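Asker: Just passing along the structure, written as structure tokens.
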Amino acid sequence: MCPLTAYIPVSHYVVMGFVKLGFKGRDVISILDFSREDLEELFAYADRIEKMGRVKLRVLEGKIIALAFFEPSTRTRLSFETAAKRLGADVISFSGEEAISVAKGENLADTIRMLDNYSDLIVIRHRYEGAAKFAAEIAKNPVINAGDGKQHHPTQAMIDLYTVKKLYGTIDGLTYAVVGDLRYGRAATSFIYALTLFKPKFVYLVSPPLLRARPETLKLLQERGIRFKEVENIGDVISDVDVMYVTRIQKERFPDPLEYEKVKGSYKITMDILSHAKKELRILHPLPKVDEIDPEVDKSPYAAYFLQAAYGVPVRMALLALIFGVEI
Amino acid sequence: MCPLTAYIPVSHYVVMGFVKLGFKGRDVISILDFSREDLEELFAYADRIEKMGRVKLRVLEGKIIALAFFEPSTRTRLSFETAAKRLGADVISFSGEEAISVAKGENLADTIRMLDNYSDLIVIRHRYEGAAKFAAEIAKNPVINAGDGKQHHPTQAMIDLYTVKKLYGTIDGLTYAVVGDLRYGRAATSFIYALTLFKPKFVYLVSPPLLRARPETLKLLQERGIRFKEVENIGDVISDVDVMYVTRIQKERFPDPLEYEKVKGSYKITMDILSHAKKELRILHPLPKVDEIDPEVDKSPYAAYFLQAAYGVPVRMALLALIFGVEI
Amino acid sequence: MCPLTAYIPVSHYVVMGFVKLGFKGRDVISILDFSREDLEELFAYADRIEKMGRVKLRVLEGKIIALAFFEPSTRTRLSFETAAKRLGADVISFSGEEAISVAKGENLADTIRMLDNYSDLIVIRHRYEGAAKFAAEIAKNPVINAGDGKQHHPTQAMIDLYTVKKLYGTIDGLTYAVVGDLRYGRAATSFIYALTLFKPKFVYLVSPPLLRARPETLKLLQERGIRFKEVENIGDVISDVDVMYVTRIQKERFPDPLEYEKVKGSYKITMDILSHAKKELRILHPLPKVDEIDPEVDKSPYAAYFLQAAYGVPVRMALLALIFGVEI
């Protein structure tokens with residue numbers, strides 16, 4: 001469908017994000033396209049779906065959902081596929097090697113036109129910034145961004161906030177630490193964007209100097225009156241934190257491998273570091289995780305990331321149901 | 001199922017192609033297996049399905065359709081998958097890397113026997129000439145050729161003719177130009193074969209010398225009394241053409257890359273070339289296209305290829321419904 | 001779900017395998033987890049399903065079955081997928097390149113947790129011994145081993161025995177020859193294990209010296225009182241055999257390619273060798289086969305492997321139905 005907004009700088013969303021537009025027929029490109037009210041409607045829906053247990057709803061019977069994963073992400077793909085199937089929709093998809101050959105074989109516009117013909121909604125994952133927005137400009141039917149470029153992964157942010165809501169009963173008034181790659185990591189950036197729609201007490205941005213949040217991210221936090229601080233060491237702030245959002249730091253981001261070796265230890269979450277944390281601290285992670293969280297932590301009460309992963313299905317079910325405008 | 005005909009030279013189809021056999025339980029190996037009456041029945045069915053809009057019909061519930069894509073083709077695969085699912089059938093499939101390892105791991109006959117056990121109909125795509133025919137000889141259930149070798153892509157030809165019918169109300173009496181690789185391109189060759197079942201006014205075969213249509217193609221045109229002419233330059237004939245069927249010219253076909261560079265410009269369709277065309281000219285292309293059509297043309301009224309692509313689903317739905325003998 | 005037994009040496013199953021536990025909610029890790037009574041219940045179910053013909057049962061509607069093929073196996077994957085879909089379940093899956101990148105990206109436990117969240121049952125294929133057992137320890141829902149390591153492929157063994165039962169009316173009292181790689185071949189080893197749950201008259205273990213059955217396999221046969229003999233040449237015993245189970249010998253198993261060349265001829269089943277067989281001999285093979293059976297044999301009455309392959313679907317349907325505790 002036609003995008004509701006042109007491709008505009010992030011700061012413009014300052015106004016955007018407070019208008020409730022509802023979900024019906026909408027594209028989902030950036031979490032900043034949505035208002036707090038939108039998200040609260042979504043969370044209420046997800047909660048209702050979650051409470052129903054693992055039943056198959058038939059509200060999207062006859063609909064076809066196309067999954068176009070130009071960049072591989074088995075978790076996100078299977079989560080959308082599960083959500084779609086549990087709503088009764090059919091799914092068509094490509095990913096992996098096939099996606100690469102599609103991308104080589106024709107321009108993105110032609111591929112999107114094809115999927116738009118075959119399906120009622122397109123879920124797209126792409127490494128290039130703006131790919132989802134571009135797809136939404138081409139497609140007549142709604143497009144959901146399942147992650148593109150370095151900033152946007154709106155459905156992940158929805159799941160993240162929903163998890164916080166379920167854990168604490170509120171998103172407001174909590175102290176957050178967002179840890180890891182805040183520069184290139186789209187999940188971390190989308191989570192920070194999402195926090196600006198609410199009223200966090202404080203946000204710590206914890207990263208090595210090379211991977212600090214981009215200027216536009218900081219500008220958005222300022223414009224929306226969010227109190228935040230950039231720090232390099234999680235140990236310095238952990239005792240103050242309610243929600244710790246951990247993301248991976250990729251070795252490839254460092255021009256010099258030695259630089260990476262120097263910092264990586266400081267961003268690995270261990271039971272030792274957690275001994276300084278509040279008892280109520282909960283750790284989120286968009287997964288998959290590699291070694292940024294010690295496996296020991298998995299079994300501790302701090303670990304909320306498996307719960308968070310499980311929320312992927314009801315939140316995405318709620319989103320699909322709302323976009324198609326069906327009652328649940 | 002047992003093939004209706006042994007593997008015979010194309011010229012023998014002169015008689016074949018005028019006998020109406022109906023679709024029920026039949027294999028679809030070559031467009032030349034079908035008569036004009038067969039295709040008109042198919043088109044009427046497709047038209048009825050198209051008019052129903054994007055509903056899910058449940059006429060193939062309980063059927064399983066196997067897609068065996070030994071050669072990748074995301075478009076054709078997703079189009080068949082969409083058609084099958086919209087009819088209520090289940091789909092099992094392999095393609096890409098998995099197809100390669102299947103092909104290496106056992107002989108084609110064993111693979112086909114496996115799919116024939118699991119499913120009610122096999123759709124096969126293969127780079128080797130005759131693979132679909134061979135599969136049909138092994139399988140008890142019907143086999144549809146989704147493209148094999150250099151000649152046959154019968155369902156593409158069905159979609160192409162259906163598009164012409166929808167655009168002009170008739171396939172007869174029009175002047176066609178088939179442009180590009182007429183030697184190795186299976187879509188172009190199948191389209192020319194398909195035209196011989198109708199009464200075109202004239203057919204221009206437009207290709208570089210190296211990629212001229214094969215002798216048997218020309219012989220078939222002659223035997224069936226089709227007026228045609230081989231030309232090298234689309235500019236020479238464009239003002240006379242109603243339907244231009246464009247296909248890609250692959251660099252790899254030329255022993256000398258310089259040869260390719262010399263000719264490629266002459267086979268690229270631009271708004272400039274189209275300034276000499278009739279206003280009613282419509283361009284078809286089996287897609288994906290790379291650079292053989294200037295993107296500017298996409299937005300012009302000449303471009304019918306996106307419409308043609310969209311017809312893939314209803315035509316394939318009609319074909320599946322007819323083969324299974326279900327009423328729609 | 002929690003495994004019913006800890007990871008114990010094969011010999012301990014001597015007791016295990018004679019206790020009837022039923023299938024409901026169980027993991028399927030090794031054929032030795034099951035009793036003769038269990039298998040007879042399964043076979044009766046499979047027989048009932050088979051007699052229904054190719055209908056779609058709706059007993060698993062609303063269930064989602066996850067197929068996690070870390071090691072490629074198109075046959076096994078499509079067979080499970082067909083079984084699941086014919087029972088009305090939805091399927092989510094990964095395999096091939098995608099599986100490799102999943103395996104690299106995170107630890108197996110996290111991947112299993114993800115699938116366990118998304119689905120109601122996990123089917124896993126993995127090259128490492130014990131992967132399915134490990135997955136069953138992580139997952140809350142049942143796990144089926146679709147082949148792991150060098151010993152276990154329990155659903156294949158179920159299909160194999162079912163085929164013998166259908167051919168001979170009994171599994172007891174027959175003379176078996178298991179031919180090929182008895183050391184690393186999981187299908188052959190699982191078949192031998194499965195025979196120990198019944199009363200075969202005699203079992204010939206036919207392999208080159210390098211690929212003889214492992215000591216624990218021989219010990220199990222002894223402990224369960226199965227009469228057997230290790231031989232190197234099928235020709236020496238063929239006239240005595242009722243059921244010949246053939247498996248592939250992989251060149252890579254031999255440190256010296258010349259060793260392989262020396263033996264391979266002795267393990268290729270030809271019409272010539274079969275001229276010494278009983279008329280009632282039937283050949284099983286887990287497929288895919290490469291050149292260990294001469295294609296001439298395919299058309300002979302000895303070949304039961306295509307029938308056996310076709311039984312894959314009803315046996316796996318029966319297993320899924322029993323695990324979910326649904327009546328058919």
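Chain labels run A, B, ... following the order of the structure tokens; each chain numbers its residues from 1, and ligands are numbered from 1 in the order shown.
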Kindly assemble as CSV a list of the chain A residues that lie within 10 Å of chain C, each paired with its nearest atom pair and their distance in Å to one decimal, using only C-alpha atoms, sorted first by chain and then by ascending residue number.

Answerer:
```
residue,atom,partner,partner_atom,distance
A:Arg54,CA,C:Gly62,CA,7.9
A:Val55,CA,C:Gly62,CA,5.9
A:Lys56,CA,C:Gly62,CA,4.6
A:Leu57,CA,C:Gly62,CA,8.2
A:Arg58,CA,C:Gly62,CA,9.6
A:Pro72,CA,C:Glu98,CA,7.5
A:Ser73,CA,C:Val102,CA,8.5
A:Thr74,CA,C:Val102,CA,7.0
A:Arg75,CA,C:Met114,CA,7.4
A:Arg77,CA,C:Ile92,CA,9.6
A:Leu78,CA,C:Ile92,CA,6.6
A:Ser79,CA,C:Tyr118,CA,6.8
A:Phe80,CA,C:Tyr118,CA,9.9
A:Glu81,CA,C:Ile92,CA,7.1
A:Thr82,CA,C:Tyr118,CA,6.3
A:Ala83,CA,C:Tyr118,CA,8.6
A:Lys85,CA,C:Asp90,CA,7.0
A:Arg86,CA,C:Gly62,CA,7.0
A:Leu87,CA,C:Gly62,CA,9.6
A:Gly88,CA,C:Gly62,CA,8.9
A:Asp90,CA,C:Asp90,CA,9.8
A:Ser95,CA,C:Glu98,CA,8.3
A:Gly96,CA,C:Glu98,CA,6.2
A:Glu97,CA,C:Glu97,CA,7.5
A:Leu287,CA,C:Glu106,CA,8.7
A:Pro288,CA,C:Glu106,CA,5.9
A:Lys289,CA,C:Glu106,CA,6.1
A:Val290,CA,C:Glu106,CA,5.4
A:Asp291,CA,C:Glu106,CA,8.7
A:Pro295,CA,C:Asn107,CA,9.9
A:Asp298,CA,C:Asp110,CA,9.8
A:Phe306,CA,C:Arg113,CA,7.5
A:Leu307,CA,C:Asn117,CA,9.1
A:Ala309,CA,C:Met114,CA,7.1
A:Ala310,CA,C:Asn117,CA,5.5
A:Tyr311,CA,C:Asn117,CA,8.9
A:Gly312,CA,C:Tyr118,CA,9.0
A:Val313,CA,C:Tyr118,CA,7.2
```

Asker: Which residues are near segment 213-229 of chain C? Cut-off 8 Å, only C-alpha atoms, ignore same chain within fewer than 2 positions. Put them as a list in words.

Answerer: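 My list of contacting residues is Val10, Ser11, Val14, Asp181, Leu182, Arg183, Thr189, Ile192, Tyr193, Thr196, Lys199, Pro200, Lys201, Phe202, Val203, Tyr204, Leu205, Leu211 and Val231 of chain C.
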
Asker: Counting only C-alpha atoms, what is within 7 Å of segment 235-243 of chain A, bar same-chain residues fewer than 5 positions away, as a list in words?

Answerer: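 Once the adjacent positions are removed, what remains is Leu174, Thr175, Tyr176, Ala177, Ile273, His276, Ala277, Lys278, Glu280, Leu281, Arg282 and Ile283 of chain A.
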
Asker: Leaving out Ile328 of chain A and any residue of its chain fewer than 5 positions from it, which residues lie within 10 Å of it when counting only C-alpha atoms, given as a short mmCIF file (atom, residue, chain, number, x, y, z; two decimals) with N, CA, C and O atoms, in the first residue's frame?

Answerer:
```cif
data_model
loop_
_atom_site.label_atom_id
_atom_site.label_comp_id
_atom_site.auth_asym_id
_atom_site.auth_seq_id
_atom_site.Cartn_x
_atom_site.Cartn_y
_atom_site.Cartn_z
N TYR A 45 -4.45 -6.90 22.42
CA TYR A 45 -4.79 -7.97 21.48
C TYR A 45 -3.90 -9.20 21.70
O TYR A 45 -4.35 -10.33 21.75
N ALA A 46 -2.60 -8.93 21.80
CA ALA A 46 -1.64 -10.03 21.98
C ALA A 46 -1.93 -10.78 23.26
O ALA A 46 -1.86 -12.02 23.31
N ARG A 48 -4.77 -11.08 24.76
CA ARG A 48 -5.97 -11.90 24.58
C ARG A 48 -5.63 -13.20 23.82
O ARG A 48 -6.06 -14.28 24.17
N ILE A 49 -4.83 -13.06 22.80
CA ILE A 49 -4.43 -14.23 21.99
C ILE A 49 -3.61 -15.19 22.85
O ILE A 49 -3.84 -16.40 22.83
N LEU A 57 -6.73 -20.16 15.29
CA LEU A 57 -7.85 -19.27 14.99
C LEU A 57 -8.03 -19.30 13.48
O LEU A 57 -7.09 -19.54 12.75
N ARG A 58 -9.21 -19.06 13.00
CA ARG A 58 -9.42 -19.19 11.55
C ARG A 58 -9.73 -17.86 10.90
O ARG A 58 -10.29 -17.80 9.81
N VAL A 59 -9.33 -16.79 11.59
CA VAL A 59 -9.74 -15.47 11.13
C VAL A 59 -9.06 -15.02 9.84
O VAL A 59 -9.55 -14.13 9.16
N LEU A 87 -3.28 -18.32 12.58
CA LEU A 87 -4.46 -17.50 12.25
C LEU A 87 -5.23 -18.08 11.06
O LEU A 87 -6.23 -17.51 10.64
N ALA A 318 -1.25 -10.89 16.75
CA ALA A 318 -2.07 -9.69 17.03
C ALA A 318 -1.89 -8.66 15.92
O ALA A 318 -2.85 -8.07 15.43
N ALA A 321 -3.60 -9.77 12.71
CA ALA A 321 -5.05 -9.68 12.85
C ALA A 321 -5.50 -8.22 12.75
O ALA A 321 -6.49 -7.91 12.06
N LEU A 322 -4.78 -7.31 13.40
CA LEU A 322 -5.15 -5.89 13.37
C LEU A 322 -5.00 -5.29 11.97
O LEU A 322 -5.82 -4.50 11.54
#
```

Asker: Residues at most 8 Å from segment 131-144 of chain C, counting only C-alpha atoms, excluding those fewer than 6 positions away in the same chain, as a list in words?

Answerer: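 The filter keeps Met1, Cys2, Pro3, Tyr7, Gly25, Arg26, Asp27, Val28, Ile29, Leu108, Ala109, Ile112, Arg113, Asp116, Asp120, Leu121, Ile122, Val123, Ile124, Arg125 and Ile323 of chain C.
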
Asker: Do a neighbour search on Tyr260 of chain B at 10 Å with only C-alpha atoms, toss out local chain neighbours closer than 3 positions, and write the hits as a list in words.

Answerer: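 In the requested form, the answer reads Pro208, Leu210, Ile249, Gln250, Lys251, Glu252, Arg253, Phe254, Pro255, Asp256, Pro257, Val263, Lys264 and Gly265 of chain B.
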
Asker: Considering only C-alpha atoms, state which residue in the set C:Glu232, C:Ser30, C:Pro286, C:Val206 is at the smallest distance from Gly130 of chain C.

Answerer: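 Between C:Glu232, C:Ser30, C:Pro286, C:Val206, the residue approaching Gly130 of chain C most closely is C:Ser30.
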
Asker: I need the helix (DSSP H, G or I) residues of segment 135-275 of chain C per DSSP on the backbone, written as a PyMOL selection string.

Answerer: chain C and resi 135-138+154-168+186-195+209-211+215-223+234-236+238-240+251-253+257-267+271-274

Asker: Residues within 10 Å of Leu39 of chain A, please, as a PyMOL selection string. Count only C-alpha atoms; anything in the same chain fewer than 2 positions from it doesn't count.

Answerer: chain A and resi 20+22-23+31+34-37+41-45+158+161-162+194+197+319

Asker: Kindly save the residues from that selection, with C-alpha atoms included, as an mmCIF file, in the first residue's frame.

Answerer:
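Result went into out_18.cif, see below:
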```cif
data_model
loop_
_atom_site.group_PDB
_atom_site.id
_atom_site.type_symbol
_atom_site.label_atom_id
_atom_site.label_comp_id
_atom_site.auth_asym_id
_atom_site.auth_seq_id
_atom_site.Cartn_x
_atom_site.Cartn_y
_atom_site.Cartn_z
ATOM 1 C CA LYS A 20 -3.083 7.123 16.754
ATOM 2 C CA GLY A 22 -4.905 2.273 14.034
ATOM 3 C CA PHE A 23 -3.469 -0.742 12.235
ATOM 4 C CA ILE A 31 8.284 1.476 15.233
ATOM 5 C CA PHE A 34 3.157 4.035 15.707
ATOM 6 C CA SER A 35 1.849 5.830 18.743
ATOM 7 C CA ARG A 36 1.747 4.662 22.311
ATOM 8 C CA GLU A 37 -2.002 4.161 21.887
ATOM 9 C CA GLU A 41 -4.082 -1.683 21.470
ATOM 10 C CA LEU A 42 -1.646 -4.213 20.002
ATOM 11 C CA PHE A 43 -0.535 -5.433 23.435
ATOM 12 C CA ALA A 44 -4.129 -5.886 24.583
ATOM 13 C CA TYR A 45 -4.786 -7.969 21.482
ATOM 14 C CA MET A 158 6.826 -4.543 19.697
ATOM 15 C CA LEU A 161 7.996 -3.748 24.870
ATOM 16 C CA TYR A 162 5.253 -6.345 25.261
ATOM 17 C CA ALA A 194 10.309 2.366 20.908
ATOM 18 C CA LEU A 197 6.987 6.464 22.727
ATOM 19 C CA LEU A 319 -0.330 -7.460 14.490
#
```

Asker: Just list as a count of residues only whatever in segment 166-288 of chain C DSSP marks as strand (DSSP E).

Answerer: 21

Asker: Please compute the atom CA of Met52 of chain C-atom CA of Lys166 of chain C distance, one decimal, in Å.

Answerer: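 For atom CA of Met52 of chain C relative to atom CA of Lys166 of chain C, the distance reads 15.9 Å.
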